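Visitor: So I've got this file, input.txt, and it contains compact mmCIF, C-alpha atoms and all ligand atoms:
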# COMPACT_ATOMS: atom_id res chain seq x y z
CA MET A 303 31.95 34.93 78.42
CA LYS A 304 33.05 31.89 80.50
CA LYS A 305 36.78 31.84 81.21
CA ASN A 306 37.30 28.43 79.66
CA ALA A 307 35.14 29.03 76.58
CA LEU A 308 36.96 28.92 73.26
CA ILE A 309 36.78 32.27 71.53
CA LEU A 310 36.29 32.65 67.78
CA LEU A 311 37.46 35.93 66.27
CA LYS A 312 36.57 36.86 62.68
CA GLY A 313 38.53 39.28 60.46
CA ASP A 314 36.20 42.17 61.32
CA ASP A 315 36.65 41.52 65.06
CA ILE A 316 40.41 41.54 64.62
CA ASN A 317 40.27 44.77 62.59
CA GLN A 318 38.21 46.35 65.36
CA LEU A 319 40.58 45.13 68.08
CA LEU A 320 43.69 46.29 66.21
CA LYS A 321 42.35 49.67 65.07
CA ASP A 322 44.71 52.56 65.89
CA SER A 323 47.00 50.19 67.80
CA GLU A 324 50.12 50.53 65.64
CA ASN A 325 52.35 51.56 68.55
CA GLU A 326 51.14 48.68 70.74
CA ILE A 327 51.65 46.17 67.89
CA ILE A 328 55.20 47.46 67.35
CA GLU A 329 55.86 46.98 71.08
CA VAL A 330 54.49 43.42 71.00
CA VAL A 331 56.61 42.58 67.93
CA LYS A 332 59.69 44.17 69.50
CA ASN A 333 59.20 42.18 72.70
CA ALA A 334 58.77 38.94 70.71
CA TYR A 335 62.00 39.54 68.73
CA GLN A 336 63.87 40.27 71.95
CA LEU A 337 62.63 37.07 73.62
CA HIS A 338 63.47 35.05 70.52
CA ALA A 339 67.03 36.43 70.47
CA LEU A 340 67.37 35.35 74.13
CA GLY A 341 66.20 31.83 73.27
CA ASP A 342 62.83 32.15 75.03
CA SER A 343 60.89 30.70 72.10
CA TYR A 344 60.55 27.57 70.02
CA MET A 345 59.65 27.13 66.37
CA PRO A 346 59.89 23.83 64.52
CA GLU A 347 60.47 24.03 60.77
CA ASN A 348 57.53 25.36 58.78
CA SER A 349 55.66 22.79 56.76
CA TYR A 350 54.82 23.65 53.13
CA LEU A 351 51.86 22.16 51.35
CA ARG A 352 52.26 22.56 47.57
CA PHE A 353 50.16 21.35 44.68
CA PRO A 354 51.26 19.32 41.65
CA GLY A 355 51.91 21.51 38.59
CA LYS A 356 51.53 24.80 40.52
CA ASP A 357 54.65 26.68 41.58
CA LYS A 358 53.03 29.75 43.15
CA GLU A 359 50.23 28.33 45.27
CA ARG A 360 51.07 27.09 48.75
CA ILE A 361 49.75 26.68 52.27
CA ILE A 362 52.25 27.00 55.12
CA ALA A 363 51.91 25.66 58.67
CA LYS A 364 53.82 27.75 61.21
CA ALA A 365 53.86 26.35 64.73
CA ALA A 366 55.43 28.44 67.48
CA TRP A 367 55.74 29.03 71.18
CA ILE A 368 56.89 32.34 72.66
CA GLY A 369 57.75 32.73 76.34
CA GLY A 370 58.12 35.82 78.53
CA GLY A 371 54.88 37.56 79.42
CA PHE A 372 53.20 35.92 76.41
CA ASP A 373 53.70 32.20 77.16
CA SER A 374 51.71 31.60 74.01
CA ALA A 375 51.65 28.55 71.75
CA GLY A 376 49.79 27.78 68.57
CA LEU A 377 49.69 27.26 64.86
CA LYS A 378 49.20 29.59 61.91
CA TRP A 379 47.94 27.99 58.71
CA ILE A 380 48.44 30.52 55.92
CA ALA A 381 47.56 30.10 52.25
CA SER A 382 48.97 32.09 49.34
CA PHE A 383 47.15 31.90 46.00
CA PRO A 384 48.49 34.81 43.87
CA GLY A 385 45.85 34.19 41.15
CA ASN A 386 43.16 35.30 43.61
CA ILE A 387 44.00 38.92 42.80
CA THR A 388 42.49 38.61 39.31
CA LYS A 389 39.31 37.25 40.95
CA GLY A 390 39.11 40.33 43.18
CA ILE A 391 39.83 38.36 46.36
CA GLU A 392 42.83 38.46 48.71
CA ARG A 393 45.95 36.50 47.79
CA ALA A 394 46.54 35.38 51.36
CA SER A 395 44.14 33.86 53.87
CA ALA A 396 45.02 32.53 57.27
CA THR A 397 43.66 30.82 60.36
CA LEU A 398 45.42 30.76 63.71
CA ILE A 399 44.80 28.44 66.67
CA LEU A 400 46.07 29.38 70.12
CA ASN A 401 46.55 26.58 72.66
CA CYS A 402 46.73 26.84 76.43
CA PRO A 403 50.40 26.30 77.39
CA ASP A 404 49.31 24.40 80.55
CA THR A 405 46.74 21.98 79.10
CA GLY A 406 47.34 22.15 75.34
CA HIS A 407 43.62 22.74 74.85
CA PRO A 408 42.67 25.30 72.20
CA THR A 409 41.65 28.65 73.67
CA ALA A 410 41.07 30.74 70.54
CA ILE A 411 40.62 30.49 66.79
CA LEU A 412 41.45 33.67 64.92
CA GLU A 413 41.24 34.82 61.33
CA SER A 414 44.83 35.80 60.89
CA SER A 415 45.52 37.41 57.51
CA VAL A 416 45.07 40.76 59.24
CA ILE A 417 47.37 39.74 62.10
CA SER A 418 49.92 38.52 59.58
CA ALA A 419 49.85 41.78 57.61
CA LYS A 420 50.04 43.97 60.74
CA ARG A 421 52.86 42.06 62.43
CA THR A 422 54.83 42.03 59.14
CA ALA A 423 54.34 45.76 58.67
CA ALA A 424 55.21 46.43 62.31
CA SER A 425 58.47 44.49 61.99
CA ALA A 426 59.41 46.39 58.81
CA ALA A 427 58.72 49.76 60.45
CA LEU A 428 60.62 48.69 63.57
CA ALA A 429 63.59 47.63 61.44
CA ALA A 430 63.54 50.96 59.58
CA GLN A 431 63.44 52.83 62.87
CA VAL A 432 66.45 50.88 64.14
CA MET A 433 68.51 50.56 60.96
CA TYR A 434 68.02 53.94 59.28
CA PRO A 435 70.50 56.31 60.95
CA PRO A 436 68.91 59.76 60.37
CA GLU A 437 65.97 60.55 62.61
CA VAL A 438 64.02 62.31 59.91
CA LEU A 439 62.64 60.42 56.93
CA LEU A 440 60.80 62.44 54.30
CA SER A 441 60.30 59.93 51.47
CA VAL A 442 59.75 56.21 51.11
CA GLY A 443 59.62 53.84 48.18
CA ILE A 444 57.10 51.04 47.79
CA VAL A 445 57.85 48.15 45.43
CA GLY A 446 54.80 45.92 45.14
CA CYS A 447 51.48 47.63 45.80
CA GLY A 448 49.62 45.01 47.82
CA VAL A 449 48.17 44.75 51.28
CA ILE A 450 51.50 44.02 53.01
CA ASN A 451 53.09 47.19 51.71
CA PHE A 452 49.93 49.16 52.37
CA GLU A 453 50.15 48.14 56.04
CA THR A 454 53.91 48.79 55.96
CA LEU A 455 53.23 52.32 54.78
CA ARG A 456 50.65 52.77 57.55
CA PHE A 457 53.24 51.72 60.18
CA LEU A 458 56.05 53.76 58.57
CA LEU A 459 53.83 56.85 58.69
CA MET A 460 53.32 56.20 62.39
CA VAL A 461 57.03 55.79 63.08
CA TYR A 462 58.06 58.63 60.77
CA PRO A 463 55.24 61.21 60.76
CA MET A 464 57.41 63.56 58.67
CA ILE A 465 57.08 61.38 55.54
CA ARG A 466 55.70 63.56 52.78
CA SER A 467 56.52 61.73 49.53
CA VAL A 468 55.76 58.15 48.58
CA TYR A 469 57.10 56.58 45.37
CA LEU A 470 55.24 53.54 44.06
CA LEU A 471 56.24 50.78 41.67
CA ASP A 472 54.19 47.77 40.61
CA LEU A 473 53.98 45.55 37.55
CA SER A 474 50.30 46.42 37.45
CA LYS A 475 49.34 50.06 36.84
CA GLU A 476 45.89 49.37 38.27
CA ARG A 477 47.34 48.07 41.55
CA ALA A 478 49.61 51.12 41.82
CA ALA A 479 46.71 53.49 41.13
CA TYR A 480 44.51 51.74 43.71
CA PHE A 481 47.35 51.84 46.26
CA LYS A 482 47.73 55.57 45.65
CA LYS A 483 44.02 56.14 46.29
CA ARG A 484 44.15 54.13 49.53
CA ALA A 485 47.41 55.76 50.69
CA LEU A 486 45.80 59.19 50.37
CA GLU A 487 43.16 57.97 52.84
CA LEU A 488 46.00 57.39 55.34
CA ASN A 489 47.20 60.94 54.85
CA PRO A 490 45.69 63.27 52.23
CA ASP A 491 48.75 65.54 52.40
CA LEU A 492 51.09 62.91 50.98
CA SER A 493 52.58 63.47 47.54
CA ILE A 494 52.37 60.11 45.80
CA TYR A 495 54.19 59.33 42.58
CA ILE A 496 53.82 56.22 40.46
CA LYS A 497 57.13 55.24 38.86
CA GLU A 498 57.94 52.78 36.12
CA GLU A 499 61.41 51.68 36.98
CA ILE A 500 63.27 50.98 40.19
CA GLN A 501 66.16 53.41 39.55
CA SER A 502 63.86 56.38 39.93
CA LEU A 503 62.85 55.11 43.40
CA LEU A 504 66.41 54.40 44.47
CA ALA A 505 67.43 57.95 43.62
CA VAL A 506 64.81 59.60 45.83
CA ALA A 507 63.77 57.23 48.63
CA PRO A 508 66.26 56.24 51.35
CA VAL A 509 63.90 53.58 52.74
CA ILE A 510 62.29 51.20 50.26
CA ALA A 511 59.81 48.46 51.16
CA PHE A 512 59.61 45.37 48.97
CA GLY A 513 56.28 43.55 49.04
CA THR A 514 56.08 41.84 45.67
CA THR A 515 55.08 38.30 44.79
CA ALA A 516 58.27 37.65 42.81
CA VAL A 517 59.33 34.02 43.13
CA LYS A 518 62.81 34.59 41.67
CA PRO A 519 65.16 37.54 42.29
CA PHE A 520 64.76 40.21 39.60
CA LEU A 521 66.79 43.13 40.93
CA ASP A 522 70.48 42.74 40.11
CA SER A 523 71.61 46.32 40.76
CA VAL A 524 70.69 49.02 43.22
CA GLU A 525 73.13 51.50 41.75
CA GLY A 526 72.25 55.11 42.47
CA HIS A 527 70.68 54.41 45.89
CA LEU A 528 70.86 57.15 48.51
CA PRO A 529 73.49 57.06 51.29
CA ASN A 530 72.64 54.64 54.13
CA ALA A 531 69.62 53.38 52.25
CA VAL A 532 67.55 50.72 53.98
CA LEU A 533 65.77 48.06 51.94
CA LEU A 534 62.95 46.36 53.81
CA HIS A 535 63.09 43.06 51.95
CA THR A 536 59.83 41.64 53.24
CA SER A 537 59.05 39.68 50.09
CA LEU A 538 62.45 37.97 50.41
CA ARG A 539 62.99 37.00 46.75
CA ASP A 540 63.47 40.34 44.95
CA LEU A 541 67.22 40.95 45.29
CA THR A 542 69.90 38.88 43.59
CA ALA A 543 72.79 37.38 45.55
CA LYS A 544 75.02 40.12 44.11
CA VAL A 545 72.94 42.84 45.78
CA ILE A 546 72.62 40.89 49.03
CA LEU A 547 76.36 40.26 49.20
CA SER A 548 77.13 43.95 48.64
CA ALA A 549 75.15 45.05 51.71
CA ASP A 550 74.86 44.96 55.50
CA ASN A 551 72.25 42.23 56.10
CA VAL A 552 70.05 41.85 59.16
CA ALA A 553 67.79 38.81 59.64
CA ASP A 554 64.93 37.89 61.95
CA ASP A 555 66.05 34.26 62.25
CA ILE A 556 69.13 33.15 60.33
CA ASP A 557 68.27 29.44 60.07
CA GLN A 558 64.75 30.06 58.81
CA LEU A 559 65.97 32.67 56.37
CA CYS A 560 68.50 30.29 54.83
CA SER A 561 65.74 28.12 53.37
CA ASN A 562 63.08 28.07 50.69
CA GLU A 563 65.05 29.83 47.96
CA THR A 564 64.97 33.23 49.61
CA SER A 565 67.56 35.67 48.21
CA ILE A 566 69.56 35.06 51.39
CA HIS A 567 69.38 31.30 50.86
CA ILE A 568 70.63 31.71 47.27
CA ALA A 569 73.45 34.00 48.45
CA GLU A 570 74.42 31.47 51.14
CA ARG A 571 74.66 28.75 48.48
CA GLU A 572 76.69 31.01 46.23
CA CYS A 573 79.37 31.86 48.80
CA ASN A 574 79.07 28.74 50.94
CA ASN A 575 78.81 30.60 54.23
CA ARG A 576 76.49 32.87 56.21
CA ASN A 577 79.04 35.48 57.22
CA PHE A 578 77.30 38.10 55.10
CA ILE A 579 74.34 38.05 57.54
CA ARG A 580 75.63 40.39 60.21
CA THR A 581 73.07 39.86 62.96
CA THR A 582 69.38 39.62 63.87
CA LEU A 583 66.95 42.40 64.68
CA GLY A 584 66.40 40.81 68.11
CA ASP A 585 70.11 41.06 68.93
CA ILE A 586 70.12 44.70 67.85
CA LEU A 587 67.05 45.40 70.00
CA ASN A 588 68.70 43.66 72.98
CA GLY A 589 71.76 45.89 72.55
CA ASN A 590 73.95 42.93 71.60
CA ALA A 591 74.70 44.15 68.07
CA ALA A 592 75.08 47.52 66.40
CA PRO A 593 71.98 48.81 64.59
CA TYR A 594 73.89 49.08 61.32
CA ASP A 595 77.34 48.49 59.96
CA SER A 596 78.81 51.97 59.66
CA GLU A 597 81.25 50.70 57.00
CA SER A 598 78.33 49.94 54.70
CA ASN A 599 76.18 52.36 52.77
CA LEU A 600 73.34 49.91 52.13
CA HIS A 601 71.39 48.02 54.79
CA ILE A 602 68.89 45.24 54.15
CA PHE A 603 66.32 43.86 56.58
CA ASN A 604 65.38 40.31 55.60
CA PRO A 605 62.46 39.03 57.71
CA PHE A 606 61.51 35.42 57.07
CA GLY A 607 58.30 36.07 59.00
CA LEU A 608 58.33 34.27 62.30
CA GLY A 609 55.43 32.33 63.79
CA ILE A 610 56.36 33.75 67.21
CA LEU A 611 55.22 37.19 66.02
CA ASP A 612 51.80 35.78 65.13
CA MET A 613 51.50 34.03 68.49
CA ALA A 614 52.56 37.16 70.39
CA VAL A 615 50.10 39.43 68.55
CA ALA A 616 47.32 36.80 68.73
CA ASN A 617 47.92 36.42 72.47
CA TRP A 618 47.63 40.19 72.92
CA ILE A 619 44.41 40.18 70.85
CA GLU A 620 42.89 37.25 72.76
CA LYS A 621 43.42 39.03 76.08
CA LYS A 622 41.90 42.23 74.69
CA ALA A 623 38.92 40.40 73.15
CA ARG A 624 38.14 38.61 76.44
CA LYS A 625 38.37 41.91 78.31
CA GLU A 626 36.10 43.67 75.81
CA GLN A 627 33.79 40.62 75.45
CA LEU A 628 34.29 40.62 71.68
CA GLY A 629 34.04 37.57 69.42
CA MET A 630 31.98 34.42 69.60
CA ALA A 631 32.35 32.28 72.72
CA ILE A 632 32.08 28.55 72.12
CA GLU A 633 31.53 26.55 75.27
CA ASN A 634 32.41 22.87 75.59
CA PHE A 635 34.45 22.84 72.38
CA VAL A 636 36.59 20.13 73.96
CA PRO A 637 34.39 17.20 75.04
CA LYS A 638 34.17 16.09 78.67
CA ALA A 639 36.99 13.83 79.82
CA TRP A 640 36.45 10.15 79.05
CA THR A 641 36.92 9.39 82.73
CA SER A 642 34.22 11.84 83.86
CA TYR A 643 31.23 9.75 82.73
N1 LIG B 701 58.41 38.18 55.37
C1 LIG B 701 57.23 38.19 55.93
O1 LIG B 701 57.08 38.20 57.16
C2 LIG B 701 56.00 38.23 55.07
C3 LIG B 701 54.73 38.20 55.65
C4 LIG B 701 53.60 38.31 54.82
C5 LIG B 701 53.77 38.39 53.44
N2 LIG B 701 55.03 38.37 52.91
C6 LIG B 701 55.23 38.46 51.47
O2 LIG B 701 54.93 39.79 51.06
C7 LIG B 701 54.63 39.78 49.68
C8 LIG B 701 53.47 40.70 49.37
O3 LIG B 701 52.29 40.21 49.94
P1 LIG B 701 50.87 40.89 49.59
O4 LIG B 701 49.84 40.15 50.37
O5 LIG B 701 50.94 42.35 49.70
O6 LIG B 701 50.74 40.48 48.07
P2 LIG B 701 49.75 41.07 46.97
O7 LIG B 701 49.54 39.96 45.99
O8 LIG B 701 48.58 41.72 47.61
O9 LIG B 701 50.62 42.23 46.28
C9 LIG B 701 51.81 41.98 45.62
C10 LIG B 701 52.00 43.05 44.56
O10 LIG B 701 53.32 42.89 44.02
C11 LIG B 701 53.24 43.18 42.62
N3 LIG B 701 54.41 42.60 41.98
C12 LIG B 701 54.69 41.30 41.73
N4 LIG B 701 55.91 41.18 41.18
C13 LIG B 701 56.42 42.43 41.09
C14 LIG B 701 57.66 42.97 40.62
N5 LIG B 701 58.60 42.18 40.11
N6 LIG B 701 57.85 44.30 40.67
C15 LIG B 701 56.88 45.13 41.17
N7 LIG B 701 55.69 44.67 41.63
C16 LIG B 701 55.47 43.34 41.60
C17 LIG B 701 51.91 42.58 42.20
O11 LIG B 701 51.45 43.14 40.98
C18 LIG B 701 51.03 42.93 43.39
O12 LIG B 701 50.38 44.18 43.20
C19 LIG B 701 54.41 38.31 49.31
O13 LIG B 701 55.55 37.83 48.63
C20 LIG B 701 54.30 37.61 50.63
O14 LIG B 701 54.72 36.25 50.59
C21 LIG B 701 56.14 38.30 53.69
Can the structure from this file be put into structure tokens for me?
Ligand SMILES: NC(=O)c1ccc[n+]([C@@H]2O[C@H](COP(=O)([O-])OP(=O)(O)OC[C@H]3O[C@@H](n4cnc5c(N)ncnc54)[C@H](O)[C@@H]3O)[C@@H](O)[C@H]2O)c1

Guide:
Amino acid sequence: MKKNALILLKGDDINQLLKDSENEIIEVVKNAYQLHALGDSYMPENSYLRFPGKDKERIIAKAAWIGGGFDSAGLKWIASFPGNITKGIERASATLILNCPDTGHPTAILESSVISAKRTAASAALAAQVMYPPEVLLSVGIVGCGVINFETLRFLLMVYPMIRSVYLLDLSKERAAYFKKRALELNPDLSIYIKEEIQSLLAVAPVIAFGTTAVKPFLDSVEGHLPNAVLLHTSLRDLTAKVILSADNVADDIDQLCSNETSIHIAERECNNRNFIRTTLGDILNGNAAPYDSESNLHIFNPFGLGILDMAVANWIEKKARKEQLGMAIENFVPKAWTSY
């Protein structure tokens, strides 16, 4: 493969390159959060493409540059069409373009729904590892049985190999049953229980991952949760302002999080300040903030989902693909300079 050829990586290539790399992905994500907290990154506002008369469908453009050893710039273009599930196809699909930071020329085009799911799951597992005080975790709760939470469970099992019980909740019994079948492939020794209401998860699981497609907060009470419970609020719009304001909140990026009707955004509007967001995961990882507020018994990780994570993971993948000669090389993608004729 010529050094300056553009490389095209399909979903299967990415799956192959990321297989059994959970620890490396967590390291990449951790490094990206740390650089972001130190200001070694840039992300303009995301751009949302919506469609008239449809409130759930959207395509988001996330442009980002991350510095440090990555020095990686590009754009993720990610679509969410929740109705796809009933057609038996994935809700989310995504394409990512990496650009050379020296010339701006594109260097790689990657299918990126897999990258998106893995980096999201890695950040949730990393947050749990940092924010959940006890070292041993035996049970986890899963609210929303889709691909994001499936990957989150995969990463949580890596970080906490002692997990034995998994409690599932989904509006769809079929989705929960399918999730259970797939989760047993991750570890056949797991005891997996499908529950019908959130209270029964709160009472048994100290770490609960939210990966629903709720567009408006539906959970107004987390009464009965275990001590020092950690809610991994990946889907961002499950918890009401009341729940958010009762907890120790950690963000990935405070400005991004206070937008787009996330639960945090709604809570900010309600109390007219952002003081209830204690810190960011990057600051915790850099040792500039405590992992959790010891005065609080409930901790919530609210990740908006940063483009820098996609660029960091994609950069890592591109290097690996070039080394392993994987993917399709496209030579002369950029035409010869006008002045060279
Ligand atoms: N913060 C981030 O970085 C980030 C990144 C990627 C995806 N996400 C979000 O994660 C969420 C999950 O994504 P996915 O691809 O797994 O979706 P998915 O459509 O595959 O699965 C979502 C599941 O949630 C269930 N569900 C919907 N509302 C529910 C409710 N009120 N209670 C219980 N279950 C409910 C659905 O039945 C479905 O099974 C989406 O909201 C997506 O936008 C966040």

Visitor: Which residue is closest to Asp550 (chain A)? Choose from A:Leu340, A:Ile566, A:Cys447, A:Leu351 and count only C-alpha atoms.

Guide: A:Ile566

Visitor: List every residue of region 421-490 of chain A that has an atom at most 9 Å from any atom of region 600-605 of chain A, and for each one report the closest atom pair and its distance in Å to one decimal, counting only C-alpha atoms, with rows sorted by chain and then by increasing residue number, as a Markdown table.

Guide:
| residue | atom | partner | partner_atom | distance |
| --- | --- | --- | --- | --- |
| A:Thr422 | CA | A:Pro605 | CA | 8.3 |
| A:Ser425 | CA | A:Pro605 | CA | 8.0 |
| A:Ala426 | CA | A:Phe603 | CA | 7.7 |
| A:Ala429 | CA | A:Phe603 | CA | 6.7 |
| A:Ala430 | CA | A:Phe603 | CA | 8.2 |
| A:Met433 | CA | A:His601 | CA | 7.3 |
| A:Tyr434 | CA | A:His601 | CA | 8.2 |

Visitor: Can you pull out the residues contacting region 508-513 of chain A? Cut-off 6 Å, using all atoms listed in the file, and skip same-chain residues under 4 positions away; I want them as a list in words.

Guide: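 The contact residues come out as Val442, Gly443, Ile444, Val445, Gly446, Asn451, Leu528, Ala531, Val532, Leu533, Leu534, His535, Thr536 and Ser537 of chain A.
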
Visitor: Extract, using only C-alpha atoms, all DNA, RNA and protein residues at most 9 Å from region 472-489 of chain A, discarding same-chain residues fewer than 4 positions from it, and format them as a PyMOL selection string.

Guide: chain A and resi 444-449+452+455-456+459+468+493-499+514

Visitor: Provide the atom O14 of ligand LIG 701 (chain B) to CA of Ser349 (chain A) distance in Å, to one decimal place.

Guide: 14.8 Å

Visitor: Which residue out of A:Asp404, A:Asp555, A:Glu324, A:Glu597 has the minimum interatomic distance to ligand LIG 701 (chain B) when all atoms listed in the file are used?

Guide: A:Asp555

Visitor: Quick check, in Å to one decimal: how far apart do CA of Leu521 (chain A) and atom C17 of ligand LIG 701 (chain B) lie?

Guide: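 Atom-to-atom, CA of Leu521 (chain A) and atom C17 of ligand LIG 701 (chain B) are spaced 14.9 Å apart.
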
Visitor: Figure out the distance between CA of Met460 (chain A) and CA of Asn530 (chain A), please, to one decimal in Å.

Guide: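 Separation between CA of Asn530 (chain A) and CA of Met460 (chain A): 21.1 Å.
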
Visitor: Which residue out of A:Ile362, A:Ile411, A:Val330, A:Leu547 has the minimum interatomic distance to ligand LIG 701 (chain B) when only C-alpha atoms and all ligand atoms are used?

Guide: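 With only C-alpha atoms and all ligand atoms as the atom set, the closest residue is A:Ile362.
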
Visitor: What's around Val552 (chain A) at 6 Å? Count all atoms listed in the file, leave out sequence neighbours fewer than 2 positions away in its own chain, and write the answer as a PyMOL selection string.

Guide: chain A and resi 579-582+603

Visitor: Would you list the residues near (34.1, 21.7, 78.6) (no more than 12 Å away, in the coordinates of the file, using all atoms listed in the file) as a compact mmCIF listing (two decimals) with C-alpha atoms, in the coordinates of the input?

Guide:
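To be explicit, this is the file written out as part_29.txt:
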# COMPACT_ATOMS: atom_id res chain seq x y z
CA LYS A 304 33.05 31.89 80.50
CA LYS A 305 36.78 31.84 81.21
CA ASN A 306 37.30 28.43 79.66
CA ALA A 307 35.14 29.03 76.58
CA LEU A 308 36.96 28.92 73.26
CA HIS A 407 43.62 22.74 74.85
CA PRO A 408 42.67 25.30 72.20
CA THR A 409 41.65 28.65 73.67
CA ILE A 632 32.08 28.55 72.12
CA GLU A 633 31.53 26.55 75.27
CA ASN A 634 32.41 22.87 75.59
CA PHE A 635 34.45 22.84 72.38
CA VAL A 636 36.59 20.13 73.96
CA PRO A 637 34.39 17.20 75.04
CA LYS A 638 34.17 16.09 78.67
CA ALA A 639 36.99 13.83 79.82
CA TRP A 640 36.45 10.15 79.05
CA SER A 642 34.22 11.84 83.86

Visitor: For Ala334 (chain A), find every residue with an atom within 12 Å (counting all atoms listed in the file), except residues of its own chain fewer than 5 positions away, and show them as a PyMOL selection string.

Guide: chain A and resi 327-329+339-344+366-374+421+424-425+554+583-585+587-588+608-618

Visitor: In terms of the shortest atom-to-atom distance over only C-alpha atoms and all ligand atoms, which of A:Gly589, A:Pro463, A:Gly385, A:Gly406 is closest to ligand LIG 701 (chain B)?

Guide: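 The shortest atom-to-atom distance to ligand LIG 701 (chain B) comes from A:Gly385.
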
Visitor: Of the residues A:Leu559, A:Ile568, A:Leu377, A:Ala623, which is the one nearest to ligand LIG 701 (chain B), using only C-alpha atoms and all ligand atoms?

Guide: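 Going through A:Leu559, A:Ile568, A:Leu377, A:Ala623 one by one, the smallest distance to ligand LIG 701 (chain B) is for A:Leu559.
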
Visitor: Taking every listed atom of region 523-530 of chain A and adding 3 Å to each side, what centre and edge lengths in Å (one decimal) does the axis-aligned box have, as lines of an AutoDock Vina configuration file?

Guide:
center_x = 72.1
center_y = 51.7
center_z = 47.4
size_x = 8.8
size_y = 16.8
size_z = 19.4

Visitor: Which residues are near Trp379 (chain A)? Cut-off 9 Å, all atoms listed in the file, ignore same chain within fewer than 3 positions. Put them as a PDB file with C-alpha atoms, keeping the file's coordinate frame.

Guide:
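selection36.pdb, written as the output of this step:
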ATOM      1  CA  ILE A 361      49.750  26.680  52.270  1.00  0.00           C
ATOM      2  CA  ILE A 362      52.250  27.000  55.120  1.00  0.00           C
ATOM      3  CA  ALA A 363      51.910  25.660  58.670  1.00  0.00           C
ATOM      4  CA  LYS A 364      53.820  27.750  61.210  1.00  0.00           C
ATOM      5  CA  ALA A 365      53.860  26.350  64.730  1.00  0.00           C
ATOM      6  CA  SER A 395      44.140  33.860  53.870  1.00  0.00           C
ATOM      7  CA  ALA A 396      45.020  32.530  57.270  1.00  0.00           C
ATOM      8  CA  THR A 397      43.660  30.820  60.360  1.00  0.00           C
ATOM      9  CA  LEU A 398      45.420  30.760  63.710  1.00  0.00           C
ATOM     10  CA  ILE A 399      44.800  28.440  66.670  1.00  0.00           C
ATOM     11  CA  SER A 414      44.830  35.800  60.890  1.00  0.00           C
TER      12      SER A 414
END

Visitor: So, counting all atoms listed in the file, which residue among A:Glu347, A:Glu359, A:Asp322, A:Asp315 is closest to ligand LIG 701 (chain B)?

Guide: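 Going through A:Glu347, A:Glu359, A:Asp322, A:Asp315 one by one, the smallest distance to ligand LIG 701 (chain B) is for A:Glu359.
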
Visitor: Could N, CA and C atoms be built for region 524-535 of chain A and written out as a short mmCIF file (atom, residue, chain, number, x, y, z; two decimals), in the coordinates of the input?

Guide:
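Saved result, out29.cif, follows:
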data_model
loop_
_atom_site.label_atom_id
_atom_site.label_comp_id
_atom_site.auth_asym_id
_atom_site.auth_seq_id
_atom_site.Cartn_x
_atom_site.Cartn_y
_atom_site.Cartn_z
N VAL A 524 71.38 47.93 42.52
CA VAL A 524 70.69 49.02 43.22
C VAL A 524 71.56 50.28 43.11
N GLU A 525 72.25 50.35 42.01
CA GLU A 525 73.13 51.50 41.75
C GLU A 525 72.32 52.80 41.83
N GLY A 526 72.92 53.81 42.39
CA GLY A 526 72.25 55.11 42.47
C GLY A 526 71.40 55.26 43.73
N HIS A 527 71.47 54.26 44.66
CA HIS A 527 70.68 54.41 45.89
C HIS A 527 71.24 55.53 46.77
N LEU A 528 70.43 56.05 47.64
CA LEU A 528 70.86 57.15 48.51
C LEU A 528 71.79 56.63 49.61
N PRO A 529 72.58 57.50 50.23
CA PRO A 529 73.49 57.06 51.29
C PRO A 529 72.71 56.44 52.45
N ASN A 530 73.25 55.35 53.00
CA ASN A 530 72.64 54.64 54.13
C ASN A 530 71.22 54.17 53.86
N ALA A 531 70.97 53.85 52.60
CA ALA A 531 69.62 53.38 52.25
C ALA A 531 69.30 52.09 52.99
N VAL A 532 68.01 51.94 53.33
CA VAL A 532 67.55 50.72 53.98
C VAL A 532 66.50 50.07 53.08
N LEU A 533 66.75 48.81 52.73
CA LEU A 533 65.77 48.06 51.94
C LEU A 533 65.05 47.10 52.88
N LEU A 534 63.75 47.25 52.96
CA LEU A 534 62.95 46.36 53.81
C LEU A 534 62.49 45.22 52.90
N HIS A 535 63.26 44.13 52.95
CA HIS A 535 63.09 43.06 51.95
C HIS A 535 62.08 42.02 52.44
#
